[in-house]
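Visitor: Please find target_17.cif (mmCIF, C-alpha atoms and all ligand atoms) on the next line:
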data_work
loop_
_atom_site.label_atom_id
_atom_site.label_comp_id
_atom_site.auth_asym_id
_atom_site.auth_seq_id
_atom_site.Cartn_x
_atom_site.Cartn_y
_atom_site.Cartn_z
CA MET A 1 100.21 188.06 349.21
CA THR A 2 99.98 191.54 350.75
CA PRO A 3 101.14 194.62 348.80
CA GLU A 4 104.05 194.95 351.24
CA GLU A 5 105.11 191.35 350.61
CA ARG A 6 104.93 191.93 346.86
CA THR A 7 107.06 195.09 347.25
CA LEU A 8 109.56 193.13 349.34
CA LEU A 9 109.86 190.47 346.64
CA HIS A 10 110.12 193.12 343.91
CA GLU A 11 112.89 195.09 345.67
CA SER A 12 114.78 191.95 346.67
CA GLY A 13 114.77 190.98 342.98
CA HIS A 14 116.42 194.32 342.14
CA LEU A 15 118.85 194.00 345.06
CA ALA A 16 119.97 190.42 344.34
CA ALA A 17 120.44 191.33 340.68
CA ALA A 18 122.42 194.47 341.61
CA VAL A 19 124.79 192.33 343.71
CA VAL A 20 125.15 189.59 341.11
CA LEU A 21 125.64 192.12 338.28
CA ASP A 22 128.33 194.06 340.21
CA LEU A 23 126.30 197.27 340.32
CA GLU A 24 127.50 197.99 343.88
CA PRO A 25 124.14 198.57 345.58
CA THR A 26 124.36 201.28 348.24
CA ARG A 27 120.87 201.22 349.78
CA ALA A 28 117.51 199.45 349.60
CA GLU A 29 114.28 200.73 351.11
CA ILE A 30 110.68 199.63 351.55
CA THR A 31 108.07 202.30 352.35
CA PRO A 32 104.89 200.55 353.55
CA GLY A 33 101.67 202.32 352.59
CA ASN A 34 103.22 204.59 349.99
CA ARG A 35 101.71 203.57 346.64
CA ASP A 36 103.78 206.01 344.59
CA HIS A 37 107.11 205.04 346.14
CA ALA A 38 106.74 201.60 347.69
CA GLY A 39 110.45 200.82 347.58
CA ALA A 40 113.73 201.47 345.87
CA VAL A 41 117.23 200.13 345.39
CA TYR A 42 120.13 202.51 344.82
CA TRP A 43 123.48 201.65 343.32
CA ARG A 44 126.80 203.29 342.55
CA LEU A 45 126.74 204.70 339.04
CA GLY A 46 130.02 204.23 337.20
CA ASP A 47 130.99 205.57 333.80
CA MET A 48 128.10 204.74 331.53
CA THR A 49 128.90 202.24 328.82
CA PRO A 50 126.50 200.14 326.72
CA GLU A 51 127.55 197.12 328.81
CA LEU A 52 126.76 198.90 332.11
CA ALA A 53 123.46 200.22 330.71
CA THR A 54 122.49 196.66 329.75
CA ARG A 55 123.31 195.40 333.26
CA ILE A 56 121.16 198.21 334.73
CA ALA A 57 118.26 197.28 332.41
CA LYS A 58 118.62 193.64 333.44
CA MET A 59 118.70 194.52 337.16
CA THR A 60 115.66 196.76 336.67
CA LEU A 61 113.69 193.94 335.03
CA CYS A 62 114.54 191.57 337.92
CA GLY A 63 112.20 193.60 340.20
CA PRO A 64 109.01 192.86 338.24
CA ALA A 65 110.33 189.35 337.51
CA MET A 66 110.38 188.62 341.25
CA GLY A 67 107.39 190.78 342.26
CA THR A 68 104.74 189.75 339.76
CA GLY A 69 106.53 187.16 337.65
CA GLU A 70 105.89 189.28 334.56
CA LEU A 71 108.08 191.55 332.47
CA PRO A 72 106.90 194.58 330.51
CA SER A 73 105.87 193.55 327.02
CA TRP A 74 107.00 195.12 323.75
CA PRO A 75 106.60 197.94 322.92
CA LEU A 76 107.55 199.36 326.31
CA CYS A 77 105.48 202.22 327.67
CA GLU A 78 107.12 204.98 329.70
CA THR A 79 104.00 205.74 331.77
CA ARG A 80 103.10 202.27 333.14
CA SER A 81 105.80 202.09 335.84
CA ARG A 82 109.10 203.68 336.80
CA ASP A 83 110.92 200.43 336.08
CA GLU A 84 109.40 200.17 332.62
CA LYS A 85 110.30 203.82 331.94
CA LEU A 86 113.94 203.29 332.94
CA VAL A 87 114.26 200.14 330.83
CA SER A 88 112.55 201.90 327.92
CA VAL A 89 114.94 204.85 328.09
CA ILE A 90 117.97 202.53 328.24
CA ILE A 91 116.97 200.22 325.40
CA ASN A 92 115.88 203.12 323.19
CA HIS A 93 119.27 204.69 323.79
CA LEU A 94 120.97 201.39 322.94
CA GLY A 95 118.82 201.01 319.81
CA PHE A 96 117.17 197.74 320.88
CA ASP A 97 114.46 196.31 318.64
CA GLU A 98 111.89 193.71 319.70
CA PRO A 99 114.14 190.64 319.08
CA LYS A 100 116.93 192.27 321.10
CA TYR A 101 114.48 193.03 323.94
CA ASP A 102 113.23 189.40 323.79
CA GLU A 103 116.85 188.28 324.19
CA LEU A 104 117.28 190.59 327.23
CA GLN A 105 114.11 189.13 328.78
CA LEU A 106 115.44 185.60 328.26
CA ARG A 107 118.69 186.51 330.02
CA VAL A 108 116.68 187.98 332.94
CA TRP A 109 114.73 184.74 333.36
CA GLU A 110 117.95 182.69 333.17
CA SER A 111 119.72 184.86 335.73
CA ASN A 112 116.64 185.21 337.93
CA SER A 113 116.44 181.55 338.85
CA LEU A 114 117.20 180.99 342.51
CA ALA A 115 119.95 178.49 341.67
CA SER A 116 121.68 181.07 339.46
CA VAL A 117 121.53 183.84 342.08
CA GLN A 118 122.78 181.47 344.80
CA ALA A 119 125.67 180.26 342.65
CA SER A 120 126.72 183.87 341.89
CA LEU A 121 126.54 184.90 345.54
CA HIS A 122 128.61 181.87 346.59
CA ARG A 123 131.24 182.70 343.94
CA LYS A 124 131.43 186.27 345.29
CA ARG A 125 131.69 185.04 348.89
CA ASP A 126 134.45 182.57 347.99
CA ALA A 127 136.37 185.23 346.05
CA ALA A 128 136.22 187.78 348.90
CA PRO A 129 139.29 188.03 351.13
CA SER A 130 138.89 186.19 354.40
CA PRO A 131 138.31 188.51 357.39
CA LEU A 132 140.80 186.30 359.27
CA GLY A 133 143.54 186.72 356.69
CA ASP A 134 145.26 183.89 354.90
CA ARG A 135 146.71 182.02 357.89
CA ALA A 136 148.83 178.97 357.34
CA GLY A 137 147.29 175.85 358.83
CA GLY A 138 143.76 177.23 358.61
CA ASP A 139 140.69 175.09 358.68
CA ARG A 140 140.19 174.88 354.95
CA ASP A 141 139.29 171.56 353.44
CA ARG A 142 141.97 170.35 351.08
ZN ZN A 201 111.21 198.21 340.67
#
Just give me the structure of the file as structure tokens.
Ligand SMILES: [Zn+2]

Guide:
Amino acid sequence: MTPEERTLLHESGHLAAAVVLDLEPTRAEITPGNRDHAGAVYWRLGDMTPELATRIAKMTLCGPAMGTGELPSWPLCETRSRDEKLVSVIINHLGFDEPKYDELQLRVWESNSLASVQASLHRKRDAAPSPLGDRAGGDRDR
């Protein structure tokens, strides 16, 4: 796998998680050849609550989960990667200990399975209003 392919997998992990976790992603970018800033996903930042901070930590961990298949191990280190730094800041703020971080990692692996992401995306698609409106006599299966 080339570094660009690994970056693509990593960023798509963040992006899929941002969609599934309702973080309203606004932009994703891949910068081939830039080792310090290979890619990024941006999202709309709402009012920060512990629940939102946990979703952001989970979305952040989905990048390494997809890219390398590994998550940062406890204790987190703020200098190993930007993702690890962000997750470290969030979980320190939330007062996570090692068992709580282990639980977060488990939830990332559960939500990171392809079947789980597909099911969430299909639920979102089905819940979205139809671009054709709700016409009587449409072609829906009943
Ligand atoms: Zn990342």

Visitor: Quick one: residues within 12 Å of Asp36 of chain A, only C-alpha atoms, excluding same-chain residues fewer than 5 positions away - as a PyMOL selection string?

Guide: chain A and resi 7+30-31+81-82

Visitor: Neighbours of ligand ZN 201 (chain A) within 7 Å, counting only C-alpha atoms and all ligand atoms, as a list in words?

Guide: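 For ligand ZN 201 (chain A), the residues inside 7 Å are His10, Glu11, His14, Ala40, Thr60, Gly63, Pro64 and Asp83 of chain A.
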
Visitor: What gap, in Å, lies between atom CA of Thr79 of chain A and atom CA of Asn34 of chain A?

Guide: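 Between atom CA of Thr79 of chain A and atom CA of Asn34 of chain A the gap works out to 18.3 Å.
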
Visitor: When you count only C-alpha atoms, which of these residues is closest to Asp97 of chain A: A:Ala38, A:Leu76, A:Met1, A:Ala16?

Guide: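 Residue with the minimum atom-to-atom distance to Asp97 of chain A: A:Leu76.
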
Visitor: Just the number, please: distance in Å from atom CA of Met66 of chain A to atom CA of Leu8 of chain A, one decimal.

Guide: 9.3 Å

Visitor: Rounded to one decimal, what separation in Å do you get between atom CA of Ile90 of chain A and atom CA of Thr54 of chain A?

Guide: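 Separation of atom CA of Ile90 of chain A and atom CA of Thr54 of chain A: 7.6 Å.
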
Visitor: Missing atoms in segment 38-57 of chain A need filling: write out N, CA and C atoms for it as a PDB file, in the coordinates of the input.

Guide:
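Result file is out_39.pdb:
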ATOM      1  N   ALA A  38     106.821 202.716 346.748  1.00  0.00           N
ATOM      2  CA  ALA A  38     106.740 201.600 347.690  1.00  0.00           C
ATOM      3  C   ALA A  38     108.111 201.092 348.093  1.00  0.00           C
ATOM      4  N   GLY A  39     109.111 201.304 347.260  1.00  0.00           N
ATOM      5  CA  GLY A  39     110.450 200.820 347.580  1.00  0.00           C
ATOM      6  C   GLY A  39     111.421 201.259 346.522  1.00  0.00           C
ATOM      7  N   ALA A  40     112.697 201.079 346.822  1.00  0.00           N
ATOM      8  CA  ALA A  40     113.730 201.470 345.870  1.00  0.00           C
ATOM      9  C   ALA A  40     115.035 200.780 346.212  1.00  0.00           C
ATOM     10  N   VAL A  41     115.864 200.603 345.201  1.00  0.00           N
ATOM     11  CA  VAL A  41     117.230 200.130 345.390  1.00  0.00           C
ATOM     12  C   VAL A  41     118.132 201.138 344.685  1.00  0.00           C
ATOM     13  N   TYR A  42     119.193 201.535 345.375  1.00  0.00           N
ATOM     14  CA  TYR A  42     120.130 202.510 344.820  1.00  0.00           C
ATOM     15  C   TYR A  42     121.463 201.810 344.596  1.00  0.00           C
ATOM     16  N   TRP A  43     122.190 202.265 343.602  1.00  0.00           N
ATOM     17  CA  TRP A  43     123.480 201.650 343.320  1.00  0.00           C
ATOM     18  C   TRP A  43     124.446 202.732 342.877  1.00  0.00           C
ATOM     19  N   ARG A  44     125.743 202.364 342.948  1.00  0.00           N
ATOM     20  CA  ARG A  44     126.800 203.290 342.550  1.00  0.00           C
ATOM     21  C   ARG A  44     126.812 203.355 341.023  1.00  0.00           C
ATOM     22  N   LEU A  45     126.788 204.544 340.485  1.00  0.00           N
ATOM     23  CA  LEU A  45     126.740 204.700 339.040  1.00  0.00           C
ATOM     24  C   LEU A  45     128.140 204.998 338.507  1.00  0.00           C
ATOM     25  N   GLY A  46     128.692 204.035 337.792  1.00  0.00           N
ATOM     26  CA  GLY A  46     130.020 204.230 337.200  1.00  0.00           C
ATOM     27  C   GLY A  46     129.908 204.935 335.860  1.00  0.00           C
ATOM     28  N   ASP A  47     131.012 204.984 335.137  1.00  0.00           N
ATOM     29  CA  ASP A  47     130.990 205.570 333.800  1.00  0.00           C
ATOM     30  C   ASP A  47     130.066 204.760 332.909  1.00  0.00           C
ATOM     31  N   MET A  48     129.116 205.441 332.293  1.00  0.00           N
ATOM     32  CA  MET A  48     128.100 204.740 331.530  1.00  0.00           C
ATOM     33  C   MET A  48     128.672 204.203 330.219  1.00  0.00           C
ATOM     34  N   THR A  49     128.522 202.910 330.059  1.00  0.00           N
ATOM     35  CA  THR A  49     128.900 202.240 328.820  1.00  0.00           C
ATOM     36  C   THR A  49     127.672 201.428 328.391  1.00  0.00           C
ATOM     37  N   PRO A  50     127.625 200.991 327.130  1.00  0.00           N
ATOM     38  CA  PRO A  50     126.500 200.140 326.720  1.00  0.00           C
ATOM     39  C   PRO A  50     126.400 198.874 327.580  1.00  0.00           C
ATOM     40  N   GLU A  51     127.537 198.326 327.985  1.00  0.00           N
ATOM     41  CA  GLU A  51     127.550 197.120 328.810  1.00  0.00           C
ATOM     42  C   GLU A  51     126.943 197.410 330.184  1.00  0.00           C
ATOM     43  N   LEU A  52     127.320 198.532 330.793  1.00  0.00           N
ATOM     44  CA  LEU A  52     126.760 198.900 332.110  1.00  0.00           C
ATOM     45  C   LEU A  52     125.268 199.200 331.978  1.00  0.00           C
ATOM     46  N   ALA A  53     124.882 199.905 330.915  1.00  0.00           N
ATOM     47  CA  ALA A  53     123.460 200.220 330.710  1.00  0.00           C
ATOM     48  C   ALA A  53     122.641 198.940 330.567  1.00  0.00           C
ATOM     49  N   THR A  54     123.197 197.939 329.905  1.00  0.00           N
ATOM     50  CA  THR A  54     122.490 196.660 329.750  1.00  0.00           C
ATOM     51  C   THR A  54     122.347 195.961 331.092  1.00  0.00           C
ATOM     52  N   ARG A  55     123.408 196.005 331.929  1.00  0.00           N
ATOM     53  CA  ARG A  55     123.310 195.400 333.260  1.00  0.00           C
ATOM     54  C   ARG A  55     122.245 196.110 334.098  1.00  0.00           C
ATOM     55  N   ILE A  56     122.164 197.455 333.979  1.00  0.00           N
ATOM     56  CA  ILE A  56     121.160 198.210 334.730  1.00  0.00           C
ATOM     57  C   ILE A  56     119.749 197.829 334.258  1.00  0.00           C
ATOM     58  N   ALA A  57     119.578 197.688 332.947  1.00  0.00           N
ATOM     59  CA  ALA A  57     118.260 197.280 332.410  1.00  0.00           C
ATOM     60  C   ALA A  57     117.890 195.904 332.941  1.00  0.00           C
TER      61      ALA A  57
END
